[in-house]
Amino acid sequence: MSAGTWDYSVFWKETMNQLKQEISEQEWVMWFNNIAYDSSNETTIILRVPSSFYRDQVIQRYLPVIESKLRDLSGHKLSLSFAIVQTPQKEAPVKQSSPAAPPAPKAKKKPHPNLKSDYIFDTFVIGENNSFAANAAYAIAKNPGTAYNPCLIYGGVGLGKTHLIQSIGNAAYQEFDNFKVVYVTAETFTNEFIEAIRDKKNHLFKNKYRGVDILLIDDIHFLQNKTETQEELFHTFNALYDANKQMVFTCDRPVSELKHLTDRLRSRFERGLNVDLQPPNFETRFAILKRKIDNKRVQINDDVIELICRNVTTNVRDLEAALTKLMAYSDLVNKNVTLEIAQQQLKDVFSNPKQNNITLEMIQRVVAEYFALSHNDLRGKKRTKGIAFPRQIAMYIAREITEYSTTEVGLEFGGRDHTTVMHACQRVDSRMKTDPTLDPTIQHLIRMIKDHGTKAS
Ligand code: ADP
Ligand code: MG
């Protein structure tokens, strides 16, 4: 057979149909909307992707499942090959571990009045903990109101939510002429709304928020229990959504875990793309600190940076705080920062209970030992009562004293779903109401785990 006569497009199409059923819509939109079948040869399907970033992510996330489906459908092994075809509109940001490419150079406008000028993509270090969120944010800034609308970025404190949401605002504001970018915290939104009602200026409030091109609302967990503000935001949302105006929100947890939020607003937040920010790993922490130091005139050696990154694991804000403390000290006493000075100056920071170095494994071991079970019992599948409840207690403690998300906790407990972890926490909570010995037991376990944590560090 001559080259040209191979056409595996039907297999590709069917593979995509199947995959679409198996992954969430967000994942689908994020990774497969921009991939197209190009051509085939005897053993290979060639696909068009917009960037090497997309190619690498798709390979990393989906290659095994795609190849296995293709094998099942075609009866033999087909490989994938990728052609990078840059469509200027949809171009995705660059490779991991480096900042997203800045928008094409343009005559700069004046800075946006409510956005911090250093919260830009250029200063945001990308690692595996945040690449999905950062790239979605970048795509939104380039194409507001199209594919990822609304977008909700969630994660714990100090992980870069405000930095990212403001980067979207800054980039879009510079990129598009006459573009109305409004950034507020949910708290300010609430206060303005209350004042508008009090001063009978509802129409001004409505005009402000319904006439924007991009609405960015930070920290929407603040809206819990604020029923009237929620109602107002619901209508604002609908008006903007119908007009294809971009909305981005941030939240300190998944929307499903917010309490006291009306169902209809919750379902609006869940529409579109929800992406999370995780704590950065060691390499990313290192890269972030290096970047921060580059921008300053002080000199701090890599061994000092490493010391900080090994010890401060919670989030980027704590990481920056440790660095700031060292630099202030070095400024005051006019000395270079040595490893000894760093160790001594940051003693308190490192022993802060938040920096507890507590791992999920440590929790599992302490809880297992207490209940005379094995570590593997807690990680395993067995659901007998003698194991299930200690396992739930361990999950509960994990959520109480670490920054791990329900998804991460679930993974470490035998690959369970995040809803199982949520259920475990509810179960322990309600048992505590009827069993007065449970709370003291859990407090005791927490103390033992923390003791382990300090010994291990
Ligand atoms: P959050 O809003 O999630 O609490 P912030 O956006 O305020 O967190 O981030 C806290 C600090 O950490 C800010 O100074 C921010 O610039 C910095 N930061 C967070 N993530 C990154 C990152 N990936 N690269 C560079 N700086 C970061
Ligand atoms: Mg914030």
# chains A, B, ... in the order shown; residues from 1 in each chain; ligands from 1

$ residues_near_ligand --ligand "ligand 1" --cutoff "7 Å" --atoms "only C-alpha atoms and all ligand atoms" --output "list in words"
Tyr119, Thr123, Phe124, Val125, Ile126, Asn130, Gly155, Gly156, Val157, Gly158, Leu159, Gly160, Lys161, Thr162, His163, Leu164, Ile288, Val316, Arg317 and Glu320 of chain A

$ residues_around --residues "Leu265 of chain A" --least-positions-apart "6" --cutoff "12 Å" --atoms "only C-alpha atoms" --output "list in words"
Ile220, Leu223, Gln224, Lys226, Thr227, Glu228, Thr229, Gln230, Glu231, Glu232, Leu233, Phe234, His235, Thr236, Phe237, Asn238, Val255, Ser256, Leu258, Lys259 and Arg271 of chain A

$ write_last_selection --atoms "N, CA, C and O atoms" --output "PDB file, in the first residue's frame"
ATOM      1  N   ILE A 220     -14.443  34.115  47.061  1.00  0.00           N
ATOM      2  CA  ILE A 220     -15.900  34.046  47.151  1.00  0.00           C
ATOM      3  C   ILE A 220     -16.401  33.252  48.355  1.00  0.00           C
ATOM      4  O   ILE A 220     -17.585  33.298  48.666  1.00  0.00           O
ATOM      5  N   LEU A 223     -18.706  34.944  50.718  1.00  0.00           N
ATOM      6  CA  LEU A 223     -20.148  35.163  50.483  1.00  0.00           C
ATOM      7  C   LEU A 223     -21.045  34.214  51.271  1.00  0.00           C
ATOM      8  O   LEU A 223     -22.267  34.379  51.266  1.00  0.00           O
ATOM      9  N   GLN A 224     -20.435  33.242  51.947  1.00  0.00           N
ATOM     10  CA  GLN A 224     -21.255  32.295  52.696  1.00  0.00           C
ATOM     11  C   GLN A 224     -22.111  33.057  53.714  1.00  0.00           C
ATOM     12  O   GLN A 224     -21.618  33.981  54.370  1.00  0.00           O
ATOM     13  N   LYS A 226     -24.221  35.266  53.211  1.00  0.00           N
ATOM     14  CA  LYS A 226     -24.640  36.604  52.776  1.00  0.00           C
ATOM     15  C   LYS A 226     -25.699  36.430  51.676  1.00  0.00           C
ATOM     16  O   LYS A 226     -25.407  36.576  50.493  1.00  0.00           O
ATOM     17  N   THR A 227     -26.893  36.107  52.108  1.00  0.00           N
ATOM     18  CA  THR A 227     -27.910  35.669  51.148  1.00  0.00           C
ATOM     19  C   THR A 227     -28.247  36.728  50.107  1.00  0.00           C
ATOM     20  O   THR A 227     -28.384  36.430  48.928  1.00  0.00           O
ATOM     21  N   GLU A 228     -28.373  37.985  50.561  1.00  0.00           N
ATOM     22  CA  GLU A 228     -28.779  39.003  49.580  1.00  0.00           C
ATOM     23  C   GLU A 228     -27.678  39.323  48.586  1.00  0.00           C
ATOM     24  O   GLU A 228     -27.932  39.546  47.407  1.00  0.00           O
ATOM     25  N   THR A 229     -26.453  39.347  49.078  1.00  0.00           N
ATOM     26  CA  THR A 229     -25.340  39.578  48.150  1.00  0.00           C
ATOM     27  C   THR A 229     -25.257  38.423  47.151  1.00  0.00           C
ATOM     28  O   THR A 229     -25.000  38.628  45.962  1.00  0.00           O
ATOM     29  N   GLN A 230     -25.483  37.225  47.633  1.00  0.00           N
ATOM     30  CA  GLN A 230     -25.479  36.062  46.731  1.00  0.00           C
ATOM     31  C   GLN A 230     -26.532  36.222  45.643  1.00  0.00           C
ATOM     32  O   GLN A 230     -26.290  35.943  44.468  1.00  0.00           O
ATOM     33  N   GLU A 231     -27.688  36.681  46.058  1.00  0.00           N
ATOM     34  CA  GLU A 231     -28.793  36.896  45.119  1.00  0.00           C
ATOM     35  C   GLU A 231     -28.385  37.919  44.045  1.00  0.00           C
ATOM     36  O   GLU A 231     -28.582  37.707  42.850  1.00  0.00           O
ATOM     37  N   GLU A 232     -27.770  38.996  44.492  1.00  0.00           N
ATOM     38  CA  GLU A 232     -27.343  40.040  43.552  1.00  0.00           C
ATOM     39  C   GLU A 232     -26.282  39.491  42.596  1.00  0.00           C
ATOM     40  O   GLU A 232     -26.327  39.725  41.393  1.00  0.00           O
ATOM     41  N   LEU A 233     -25.344  38.735  43.157  1.00  0.00           N
ATOM     42  CA  LEU A 233     -24.290  38.183  42.308  1.00  0.00           C
ATOM     43  C   LEU A 233     -24.873  37.191  41.300  1.00  0.00           C
ATOM     44  O   LEU A 233     -24.433  37.122  40.152  1.00  0.00           O
ATOM     45  N   PHE A 234     -25.871  36.453  41.742  1.00  0.00           N
ATOM     46  CA  PHE A 234     -26.527  35.515  40.828  1.00  0.00           C
ATOM     47  C   PHE A 234     -27.052  36.248  39.592  1.00  0.00           C
ATOM     48  O   PHE A 234     -26.842  35.825  38.456  1.00  0.00           O
ATOM     49  N   HIS A 235     -27.720  37.382  39.813  1.00  0.00           N
ATOM     50  CA  HIS A 235     -28.267  38.122  38.665  1.00  0.00           C
ATOM     51  C   HIS A 235     -27.156  38.770  37.835  1.00  0.00           C
ATOM     52  O   HIS A 235     -27.228  38.792  36.610  1.00  0.00           O
ATOM     53  N   THR A 236     -26.142  39.263  38.520  1.00  0.00           N
ATOM     54  CA  THR A 236     -24.996  39.816  37.791  1.00  0.00           C
ATOM     55  C   THR A 236     -24.383  38.732  36.907  1.00  0.00           C
ATOM     56  O   THR A 236     -24.084  38.949  35.735  1.00  0.00           O
ATOM     57  N   PHE A 237     -24.211  37.574  37.503  1.00  0.00           N
ATOM     58  CA  PHE A 237     -23.635  36.440  36.775  1.00  0.00           C
ATOM     59  C   PHE A 237     -24.432  36.169  35.504  1.00  0.00           C
ATOM     60  O   PHE A 237     -23.875  36.096  34.402  1.00  0.00           O
ATOM     61  N   ASN A 238     -25.741  36.049  35.657  1.00  0.00           N
ATOM     62  CA  ASN A 238     -26.561  35.711  34.493  1.00  0.00           C
ATOM     63  C   ASN A 238     -26.447  36.761  33.393  1.00  0.00           C
ATOM     64  O   ASN A 238     -26.329  36.432  32.216  1.00  0.00           O
ATOM     65  N   VAL A 255     -15.954  24.456  45.447  1.00  0.00           N
ATOM     66  CA  VAL A 255     -17.284  25.023  45.690  1.00  0.00           C
ATOM     67  C   VAL A 255     -18.179  24.019  46.402  1.00  0.00           C
ATOM     68  O   VAL A 255     -19.011  24.386  47.233  1.00  0.00           O
ATOM     69  N   SER A 256     -17.982  22.735  46.112  1.00  0.00           N
ATOM     70  CA  SER A 256     -18.836  21.725  46.730  1.00  0.00           C
ATOM     71  C   SER A 256     -18.686  21.722  48.244  1.00  0.00           C
ATOM     72  O   SER A 256     -19.549  21.240  48.956  1.00  0.00           O
ATOM     73  N   LEU A 258     -18.328  24.479  50.073  1.00  0.00           N
ATOM     74  CA  LEU A 258     -18.815  25.725  50.689  1.00  0.00           C
ATOM     75  C   LEU A 258     -20.155  25.457  51.346  1.00  0.00           C
ATOM     76  O   LEU A 258     -21.012  24.777  50.777  1.00  0.00           O
ATOM     77  N   LYS A 259     -20.310  26.003  52.534  1.00  0.00           N
ATOM     78  CA  LYS A 259     -21.606  25.863  53.182  1.00  0.00           C
ATOM     79  C   LYS A 259     -22.369  27.178  53.009  1.00  0.00           C
ATOM     80  O   LYS A 259     -21.776  28.213  52.741  1.00  0.00           O
ATOM     81  N   ARG A 271     -20.238  25.771  36.848  1.00  0.00           N
ATOM     82  CA  ARG A 271     -20.268  25.780  35.393  1.00  0.00           C
ATOM     83  C   ARG A 271     -18.880  26.207  34.902  1.00  0.00           C
ATOM     84  O   ARG A 271     -18.149  26.870  35.626  1.00  0.00           O
TER      85      ARG A 271
END

$ closest_residue --among "A:Asp417, A:Glu403, A:Asp252, A:Asp331" --to "Thr314 of chain A" --atoms "only C-alpha atoms"
A:Glu403

$ select_by_dssp --residues "segment 173-384 of chain A" --states "strand (DSSP E or B)" --output "list in words"
Val181, Val182, Tyr183, Val184, Thr185, Ile214, Leu215, Leu216, Ile217, Asp218, Gln246, Met247, Val248, Phe249, Thr250, Cys251, Leu273, Asn274, Val275, Asp276, Ile300 and Val337 of chain A

$ residues_around --residues "segment 28-42 of chain A" --least-positions-apart "4" --cutoff "9 Å" --atoms "only C-alpha atoms" --output "ChimeraX atom specification"
/A:3-9,12-13,16,19-20,23-24,46-50,54,57-58,78,82-83,90,132,136,147-148,273

$ residues_around --residues "Pro254 of chain A" --least-positions-apart "3" --cutoff "9 Å" --atoms "only C-alpha atoms" --output "PDB file with N, CA and C atoms, in the first residue's frame"
ATOM      1  N   LEU A 152     -13.169  29.169  37.897  1.00  0.00           N
ATOM      2  CA  LEU A 152     -13.010  29.279  39.335  1.00  0.00           C
ATOM      3  C   LEU A 152     -11.681  28.641  39.738  1.00  0.00           C
ATOM      4  N   ILE A 153     -10.849  29.434  40.401  1.00  0.00           N
ATOM      5  CA  ILE A 153      -9.546  28.939  40.848  1.00  0.00           C
ATOM      6  C   ILE A 153      -9.626  28.741  42.353  1.00  0.00           C
ATOM      7  N   TYR A 154      -9.361  27.523  42.809  1.00  0.00           N
ATOM      8  CA  TYR A 154      -9.451  27.333  44.258  1.00  0.00           C
ATOM      9  C   TYR A 154      -8.195  26.699  44.841  1.00  0.00           C
ATOM     10  N   GLY A 155      -7.967  26.974  46.123  1.00  0.00           N
ATOM     11  CA  GLY A 155      -6.805  26.428  46.804  1.00  0.00           C
ATOM     12  C   GLY A 155      -6.604  27.152  48.125  1.00  0.00           C
ATOM     13  N   CYS A 251     -11.548  30.913  45.332  1.00  0.00           N
ATOM     14  CA  CYS A 251     -12.191  30.392  46.537  1.00  0.00           C
ATOM     15  C   CYS A 251     -11.147  29.577  47.291  1.00  0.00           C
ATOM     16  N   GLU A 257     -17.586  22.255  48.750  1.00  0.00           N
ATOM     17  CA  GLU A 257     -17.377  22.254  50.199  1.00  0.00           C
ATOM     18  C   GLU A 257     -17.815  23.554  50.867  1.00  0.00           C
ATOM     19  N   LEU A 258     -18.328  24.479  50.073  1.00  0.00           N
ATOM     20  CA  LEU A 258     -18.815  25.725  50.689  1.00  0.00           C
ATOM     21  C   LEU A 258     -20.155  25.457  51.346  1.00  0.00           C
ATOM     22  N   ASN A 274     -13.309  24.647  36.687  1.00  0.00           N
ATOM     23  CA  ASN A 274     -12.832  24.756  38.068  1.00  0.00           C
ATOM     24  C   ASN A 274     -11.438  24.159  38.134  1.00  0.00           C
ATOM     25  N   VAL A 275     -10.466  24.955  38.544  1.00  0.00           N
ATOM     26  CA  VAL A 275      -9.090  24.431  38.615  1.00  0.00           C
ATOM     27  C   VAL A 275      -8.500  24.698  39.993  1.00  0.00           C
ATOM     28  N   ASP A 276      -7.628  23.797  40.447  1.00  0.00           N
ATOM     29  CA  ASP A 276      -7.096  23.997  41.797  1.00  0.00           C
ATOM     30  C   ASP A 276      -5.609  24.325  41.793  1.00  0.00           C
TER      31      ASP A 276
END

$ closest_residue --among "A:Phe193, A:Tyr138, A:Phe222, A:Phe205" --to "ligand 2" --atoms "only C-alpha atoms and all ligand atoms"
A:Phe222

$ atom_distance --atom1 "atom CA of Gly386 of chain A" --atom2 "atom CA of Arg399 of chain A"
21.1 Å

$ closest_residue --among "A:Val298, A:Ile363, A:Met448, A:Val184" --to "ligand 2" --atoms "only C-alpha atoms and all ligand atoms"
A:Val184

$ select_by_dssp --residues "segment 64-281 of chain A" --states "alpha helix (DSSP H)" --output "ChimeraX atom specification"
/A:64-74,131-142,161-175,186-198,202-210,227-242,263-270

$ closest_residue --among "A:Asp213, A:Glu27, A:Asp429, A:Glu195" --to "Gln392 of chain A" --atoms "only C-alpha atoms"
A:Asp429
